[in-house]
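Structure first, commentary second.
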Amino acid sequence: MAQVEATTERIIAADAETVFDALADYSGTRAKLLPEHFSEYEVREGGDGEGTLVHWKLQATSKRVRDCLLEVTEPTDGQLVEKDRNSSMVTTWIVTPAGEGKSKAVVTTVWDGATGVGGFFERTFAPKGLGRIYDAVLAKLADEVEK
């Protein structure tokens with residue numbers, strides 16, 4: 001089983017603390033950042049960073065829907081990790097300063113891919129598709145915090 005990885009990043013015209021706080025605000029801001037690929041969003045525990053348990057469905061393609069139940073941790077400053085209880089998927093958000101009044105937000109998702117021909121197509125196409133989805137999240141994040 002090969003690991004599949006998708007990474008997207010963006011420079012945002014807001015300080016790192018503001019950007020991180022918006023990402024970690026699962027009970028408020030985060031729901032506004034999600035494009036149409038996400039549905040059934042629900043905070044089940046917590047709601048602000050570490051200790052949050054959040055649910056959503058992610059429809060990556062017309063046929064592929066993941067039912068995600070994510071435990072959120074903050075292993076280091078500026079880092080949010082979302083581990084899916086329903087699969088091997090782990091999404092890591094890292095926000096760092098990028099000059100005066102700017103920050104860099106990087107999102108990386110990894111999971112154990114399928115084997116065989118299906119796995120080949122997953123490793124080939126899934127990272128691009130998921131990258132586009134998270135690029136939309138980062139664009140909405142920028143719009144939210146650059147106001």
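Each chain in the structure tokens gets a letter, A, B, ..., in the order shown, and its residues are numbered from 1; ligands are numbered from 1 in order too.
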Residues near Lys140 of chain A, anyone? I mean within 8 Å using only C-alpha atoms, not counting same-chain ones fewer than 5 positions away, as a PDB file with C-alpha atoms, in the first residue's frame.
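In the end it all went to selection-v2.pdb:
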```pdb
ATOM      1  CA  LYS A  32     -17.218  29.451   6.241  1.00  0.00           C
ATOM      2  CA  LEU A  33     -13.969  28.378   4.555  1.00  0.00           C
ATOM      3  CA  LEU A  34     -15.230  25.076   3.165  1.00  0.00           C
TER       4      LEU A  34
END
```
Can you build me a table of segment 51-104 of chain A residues sitting at most 8 Å from segment 11-15 of chain A, with the closest atom pair per residue and its distance in Å to one decimal, using only C-alpha atoms, sorted by chain and residue number, as JSON lines?
```
{"residue": "A:Pro97", "atom": "CA", "partner": "A:Asp15", "partner_atom": "CA", "distance": 6.6}
{"residue": "A:Ala98", "atom": "CA", "partner": "A:Ile11", "partner_atom": "CA", "distance": 7.4}
{"residue": "A:Glu100", "atom": "CA", "partner": "A:Asp15", "partner_atom": "CA", "distance": 7.8}
{"residue": "A:Gly101", "atom": "CA", "partner": "A:Asp15", "partner_atom": "CA", "distance": 4.8}
{"residue": "A:Lys102", "atom": "CA", "partner": "A:Ala13", "partner_atom": "CA", "distance": 4.5}
{"residue": "A:Ser103", "atom": "CA", "partner": "A:Ile12", "partner_atom": "CA", "distance": 5.3}
{"residue": "A:Lys104", "atom": "CA", "partner": "A:Ile11", "partner_atom": "CA", "distance": 4.5}
```
query: When DSSP works through the backbone of this structure, what residues of chain A end up as strand (DSSP E), shown as number ranges by chain?
result: A: 3-12, 38-45, 53-59, 65-73, 79-84, 90-97, 103-112
- prompt: Pick from A:Ile133, A:Ala31, A:Leu80, A:Ile94: nearest to Thr52 of chain A, with only C-alpha atoms counted?
  reply: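 Distance minimum relative to Thr52 of chain A lands on A:Leu80.
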message: I'd like to know which residues of chain A are alpha helix (DSSP H) (by DSSP, run on the backbone); could you write them as a PyMOL selection string?
response: chain A and resi 16-24+29-33+116-145
Writer output for current selection, N, CA and C atoms, as a CSV table (one decimal), in the first residue's frame:
```csv
chain,number,residue,atom,x,y,z
A,16,ALA,N,0.6,35.6,11.1
A,16,ALA,CA,0.4,34.2,11.3
A,16,ALA,C,-0.6,33.8,12.4
A,17,GLU,N,-0.6,34.6,13.4
A,17,GLU,CA,-1.5,34.3,14.6
A,17,GLU,C,-2.9,34.5,14.1
A,18,THR,N,-3.2,35.5,13.3
A,18,THR,CA,-4.6,35.7,12.8
A,18,THR,C,-5.0,34.6,12.0
A,19,VAL,N,-4.1,34.1,11.1
A,19,VAL,CA,-4.5,33.1,10.1
A,19,VAL,C,-4.7,31.8,10.9
A,20,PHE,N,-3.8,31.5,11.8
A,20,PHE,CA,-3.9,30.2,12.6
A,20,PHE,C,-5.2,30.2,13.4
A,21,ASP,N,-5.5,31.3,14.1
A,21,ASP,CA,-6.7,31.4,14.9
A,21,ASP,C,-7.9,31.2,14.0
A,22,ALA,N,-8.0,31.7,12.8
A,22,ALA,CA,-9.1,31.4,11.9
A,22,ALA,C,-9.2,30.0,11.6
A,23,LEU,N,-8.1,29.3,11.3
A,23,LEU,CA,-8.1,27.9,10.9
A,23,LEU,C,-8.6,27.1,12.1
A,24,ALA,N,-8.1,27.4,13.3
A,24,ALA,CA,-8.4,26.6,14.5
A,24,ALA,C,-9.8,26.9,15.0
A,29,THR,N,-15.3,30.2,12.2
A,29,THR,CA,-14.7,30.5,10.9
A,29,THR,C,-14.6,29.4,10.0
A,30,ARG,N,-14.1,28.2,10.5
A,30,ARG,CA,-13.8,27.1,9.6
A,30,ARG,C,-14.9,26.7,8.7
A,31,ALA,N,-16.1,26.6,9.2
A,31,ALA,CA,-17.3,26.3,8.3
A,31,ALA,C,-17.4,27.2,7.2
A,32,LYS,N,-17.1,28.5,7.3
A,32,LYS,CA,-17.2,29.5,6.2
A,32,LYS,C,-16.2,29.3,5.2
A,33,LEU,N,-15.1,28.5,5.5
A,33,LEU,CA,-14.0,28.4,4.6
A,33,LEU,C,-14.1,27.2,3.6
A,116,GLY,N,-2.9,-1.9,-6.7
A,116,GLY,CA,-3.3,-2.2,-8.1
A,116,GLY,C,-3.6,-1.0,-9.0
A,117,VAL,N,-4.4,-1.3,-10.0
A,117,VAL,CA,-4.7,-0.2,-11.0
A,117,VAL,C,-5.4,0.9,-10.4
A,118,GLY,N,-6.3,0.6,-9.4
A,118,GLY,CA,-7.1,1.7,-8.7
A,118,GLY,C,-6.1,2.6,-8.0
A,119,GLY,N,-5.1,2.0,-7.3
A,119,GLY,CA,-4.1,2.7,-6.6
A,119,GLY,C,-3.3,3.6,-7.5
A,120,PHE,N,-2.9,3.1,-8.7
A,120,PHE,CA,-2.2,3.9,-9.6
A,120,PHE,C,-3.0,5.2,-10.0
A,121,PHE,N,-4.2,5.0,-10.3
A,121,PHE,CA,-5.0,6.2,-10.6
A,121,PHE,C,-5.2,7.1,-9.4
A,122,GLU,N,-5.4,6.6,-8.3
A,122,GLU,CA,-5.5,7.4,-7.1
A,122,GLU,C,-4.2,8.2,-6.8
A,123,ARG,N,-3.1,7.6,-6.9
A,123,ARG,CA,-1.8,8.3,-6.7
A,123,ARG,C,-1.6,9.3,-7.8
A,124,THR,N,-2.1,9.1,-9.0
A,124,THR,CA,-1.9,10.0,-10.1
A,124,THR,C,-2.8,11.2,-10.0
A,125,PHE,N,-4.1,11.0,-9.7
A,125,PHE,CA,-5.1,12.0,-9.9
A,125,PHE,C,-5.6,12.6,-8.5
A,126,ALA,N,-5.6,11.9,-7.5
A,126,ALA,CA,-6.2,12.3,-6.2
A,126,ALA,C,-5.4,13.6,-5.6
A,127,PRO,N,-4.1,13.6,-5.7
A,127,PRO,CA,-3.4,14.7,-5.1
A,127,PRO,C,-3.7,16.0,-5.8
A,128,LYS,N,-3.9,16.0,-7.2
A,128,LYS,CA,-4.3,17.2,-7.9
A,128,LYS,C,-5.7,17.7,-7.5
A,129,GLY,N,-6.6,16.7,-7.5
A,129,GLY,CA,-8.0,17.1,-7.1
A,129,GLY,C,-8.1,17.6,-5.7
A,130,LEU,N,-7.4,16.9,-4.7
A,130,LEU,CA,-7.5,17.4,-3.4
A,130,LEU,C,-6.7,18.7,-3.2
A,131,GLY,N,-5.7,18.9,-4.0
A,131,GLY,CA,-5.0,20.2,-4.0
A,131,GLY,C,-5.9,21.3,-4.4
A,132,ARG,N,-6.7,21.1,-5.5
A,132,ARG,CA,-7.6,22.1,-5.9
A,132,ARG,C,-8.6,22.4,-4.8
A,133,ILE,N,-9.1,21.4,-4.1
A,133,ILE,CA,-10.1,21.6,-3.0
A,133,ILE,C,-9.5,22.5,-1.9
A,134,TYR,N,-8.3,22.1,-1.5
A,134,TYR,CA,-7.6,22.9,-0.4
A,134,TYR,C,-7.1,24.2,-0.9
A,135,ASP,N,-6.9,24.4,-2.2
A,135,ASP,CA,-6.5,25.7,-2.7
A,135,ASP,C,-7.8,26.6,-2.5
A,136,ALA,N,-8.9,26.1,-2.7
A,136,ALA,CA,-10.2,26.9,-2.6
A,136,ALA,C,-10.4,27.2,-1.1
A,137,VAL,N,-10.0,26.3,-0.2
A,137,VAL,CA,-10.1,26.6,1.3
A,137,VAL,C,-9.2,27.7,1.6
A,138,LEU,N,-7.9,27.7,1.1
A,138,LEU,CA,-6.9,28.7,1.4
A,138,LEU,C,-7.3,30.0,0.8
A,139,ALA,N,-8.0,30.0,-0.3
A,139,ALA,CA,-8.4,31.3,-1.0
A,139,ALA,C,-9.5,31.9,-0.1
A,140,LYS,N,-10.4,31.1,0.4
A,140,LYS,CA,-11.5,31.6,1.3
A,140,LYS,C,-10.9,32.1,2.6
A,141,LEU,N,-9.9,31.4,3.1
A,141,LEU,CA,-9.2,31.8,4.3
A,141,LEU,C,-8.6,33.2,4.1
A,142,ALA,N,-7.9,33.4,3.0
A,142,ALA,CA,-7.3,34.7,2.7
A,142,ALA,C,-8.4,35.8,2.6
A,143,ASP,N,-9.5,35.5,2.0
A,143,ASP,CA,-10.5,36.5,1.9
A,143,ASP,C,-11.1,36.8,3.3
A,144,GLU,N,-11.1,35.8,4.1
A,144,GLU,CA,-11.7,36.0,5.5
A,144,GLU,C,-10.7,36.9,6.4
A,145,VAL,N,-9.5,36.6,6.3
A,145,VAL,CA,-8.5,37.3,7.3
A,145,VAL,C,-7.9,38.5,6.7
```
field: Residue nearest Thr96 of chain A among A:Asp77, A:Leu69, A:Thr108, A:Glu50 (counting only C-alpha atoms)
entry: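 Of A:Asp77, A:Leu69, A:Thr108, A:Glu50, the one nearest Thr96 of chain A, counting only C-alpha atoms, is A:Asp77.
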field: Best match for closeness to Glu82 of chain A among A:Val43, A:Ala105, A:Leu70, A:Val95, counting only C-alpha atoms
entry: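 Nearest candidate to Glu82 of chain A out of A:Val43, A:Ala105, A:Leu70, A:Val95: A:Leu70.
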- prompt: Quick one: distance from atom CA of Ser27 of chain A to atom CA of Ser88 of chain A in Å, one decimal?
  reply: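 Result for atom CA of Ser27 of chain A versus atom CA of Ser88 of chain A: 24.3 Å, one decimal.
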